[in-house]
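Chemist: Here it is, the structure, as structure tokens.
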Amino acid sequence: MLQSIYIQNYALIDTLDINFNTGFSVITGETGAGKSIILGAIGLLLGQRADIKAIKCGETKCIVEAKFNISSYNMESFFKENDLEFDSNDCIIRRELYASGKSRGFINDSPASLAQMRELGEQLIDVHSQHQNMLLNNEEFQMNVLDIIAKDEKELGKYSDIYHQYKETAKRLADTIAKAEKEREDEDYIRFQLQQLDDASLKEGEQEELENEAEMLAHAEEIKSNLFKVSNMMAEDDMNMLIAMKESILTLQNVSKHYPAASEWAERLNSCFIDIKELSHEISNAQEEVEFNPSRLEFVNDKLNTIYSLEQKHHVDSVEQLIEIAEKYRSQLTEITSFDQIISELESKKEKIYSDLLAQAKVLTSLRRKAAQDVEKKMQELLVPLGMPNVRFCVEVTQRKEPDTKGMDNVLFLFSANKNGTLQNVATVASGGEIARVMLSLKAMIAGAVKLPTIVFDEIDTGVSGSIAEKMALIMEDMGKHNRQVISITHLPQIAARGTTHYKVYKEDTETRTISHIKMLDQNERIKEIANMLSGSTLTEAAMNNAKVLLGITN
């Protein structure tokens, strides 16, 4: 439940720090005194969009903070899931708005996103303003009311899961059919491209090998001539370096007996001798193997031209990438040939899920039809005392042609306030006062099914007066008795008098500005406030006496 609200530098408010009690509380005040400002501040705490114009003129920052006691409402899971500190007796939500446009939110002093504030706020407080009466014309609102009374959350969740599977499967089927049609149109093209790549007989690493071979074949005569020259220089008798090195090794070995360093040189020279001897054989063999082969050069160049052409065509620069493209084409052709089987399997899956969906939708329909009877009975009980002795309220549940996110049902609230009147859509035939009473009754009924800590009614008494207003107050008073807090912003003395706690919003004019305040009224202040509501600007003794009667004060 809402324990307190602290507001600083918001609209016409300098600083406001007010505590709230349990049960049924009322807030009164002249039009323009600032009641809507307080609702706007609460809206910030519930994650609504911030407007920097709300910051008090001349200030750079405004703060709105509320404390809640949530010990009776099993909300620990929200805090655990969002990694937030949990204190059931002291849950603090704070919103800070800066003139720069920046906005920050906090839950129990931990930074929180607006989405988190909205999610928590929906579980803590329900603000019913006048514009919400338009919800009566919203089919989703009517459906939600029926689902709340039906207590079908588990069944609706199961339906939602199946519906998601159905939509996902239907999309996959449609996408697969579209893809199959497109790729079948491209099948000849894909086959042609793959055939070109397969005909090229590509192998990983062959491009570099072919380029090296082409370079050698193009300069075969030059290579052979130079290798022959080197081979001759290394092996020709009159300048054979191998013979000279061999003799040098023997000479050094002889002198090593008298000069030890020569032994190491002999070993090093012998190692070089072995390497050069092997190199001489390799060069000799190579020059014999190198042959100018025009036909081989033509083949290699043709193969390279094929590779270069394919690389240019497919915008790649390696044989390996061409091989990957070929595999991709091969996979596409395999997929094309298997599309019929995939489509058949998806169609069967879709039909099976659709059958499950319809079965679960029937479960929801059954629960809703039963709940509809409960809603009709309860609304009759609530509306008759509110000055509608001949009221009829009907919940029409009809079948859709196709399932949607909530099932196969269309829900419509039908209403008639007159005897033998034709039942029609409540949003189109009910007057403003009747809509106010219908919405209050719906809220009272919903409140009995949902453990919502705090409900705020913003002038739900629009269009009613007298004894009807008093009976509406009795409904709100009763709502506040069941571990729930109800706050009503009202202009009617009959409602104001029923509050357990009474707050007054008023404006104070200074030389430079206007400031809004809110205060809790004591008994004498309350008598005077209700008397003013009864008589207007002129406070009469009769109005004072009437106020005491409304408040149940006998002395």
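Quick note on naming: the chains in the structure tokens go A, B, ... in the order shown, residues restart at 1 in each chain, and ligands are numbered from 1 in order of appearance.
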So which residues touch A:Pro294 within 12 Å, counting only C-alpha atoms, skipping near sequence neighbours fewer than 5 positions away, as number ranges by chain?
Modeler: A: 214, 216-221, 299-301
Chemist: Sorted by chain and rising residue number, list the residues of stretch 28-92 of chain A at most 12 Å from stretch 520-543 of chain A (counting only C-alpha atoms), each with its closest atom pair and distance in Å to one decimal, as a Markdown table.
Modeler:
```
| residue | atom | partner | partner_atom | distance |
| --- | --- | --- | --- | --- |
| A:Thr28 | CA | A:Glu529 | CA | 8.4 |
| A:Gly29 | CA | A:Glu529 | CA | 8.6 |
| A:Glu30 | CA | A:Met533 | CA | 9.2 |
| A:Thr31 | CA | A:Met533 | CA | 11.8 |
```
Chemist: If you keep C-alpha atoms, can you produce a file of those selected residues as a short mmCIF file (atom, residue, chain, number, x, y, z; two decimals), in the first residue's frame?
Modeler:
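In the end it all went to out.cif:
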```
data_model
loop_
_atom_site.label_atom_id
_atom_site.label_comp_id
_atom_site.auth_asym_id
_atom_site.auth_seq_id
_atom_site.Cartn_x
_atom_site.Cartn_y
_atom_site.Cartn_z
CA THR A 28 -10.74 17.47 -2.48
CA GLY A 29 -9.91 20.97 -3.62
CA GLU A 30 -10.99 23.66 -6.03
CA THR A 31 -10.55 23.14 -9.75
#
```
Chemist: Mind checking which residues fall within 12 Å of A:Leu279, counting only C-alpha atoms, ignoring those fewer than 6 positions away in the same chain, and posting them as a compact mmCIF listing (two decimals) with C-alpha atoms, in the first residue's frame?
Modeler:
```txt
# COMPACT_ATOMS: atom_id res chain seq x y z
CA LEU A 227 71.27 -24.22 -64.55
CA VAL A 230 76.11 -23.39 -62.98
CA SER A 231 76.34 -27.20 -63.09
CA MET A 234 80.69 -26.62 -60.22
CA ALA A 235 81.80 -29.86 -61.91
CA LEU A 242 84.48 -29.74 -55.26
CA CYS A 272 80.13 -27.19 -46.77
CA PHE A 273 81.63 -29.76 -49.17
CA ASN A 285 69.17 -33.11 -62.20
CA ALA A 286 66.99 -29.99 -62.36
```
Chemist: Select from stretch 411-457 of chain A every residue with an atom at most 12 Å from any atom of stretch 482-504 of chain A, then for each give the shortest pair of atoms and their distance in Å to one decimal, using only C-alpha atoms, rows by chain and rising number, as CSV.
Modeler:
```
residue,atom,partner,partner_atom,distance
A:Leu440,CA,A:Ser488,CA,11.2
A:Lys443,CA,A:Val486,CA,11.1
A:Ala444,CA,A:Val486,CA,10.5
A:Ala447,CA,A:Arg484,CA,8.8
A:Gly448,CA,A:His482,CA,8.5
A:Ala449,CA,A:His482,CA,11.3
A:Val450,CA,A:Arg484,CA,10.5
A:Lys451,CA,A:Arg484,CA,8.0
A:Leu452,CA,A:Arg484,CA,7.1
A:Pro453,CA,A:Arg484,CA,5.1
A:Thr454,CA,A:Gln485,CA,4.7
A:Ile455,CA,A:Val486,CA,4.9
A:Val456,CA,A:Ile487,CA,4.7
A:Phe457,CA,A:Ser488,CA,4.6
```
Chemist: Give me the residues near A:Leu414 as a PyMOL selection string, where near means some atom within 7 Å (using only C-alpha atoms) and where sequence neighbours in that chain fewer than 5 positions away do not count.
Modeler: chain A and resi 393-395+423-426
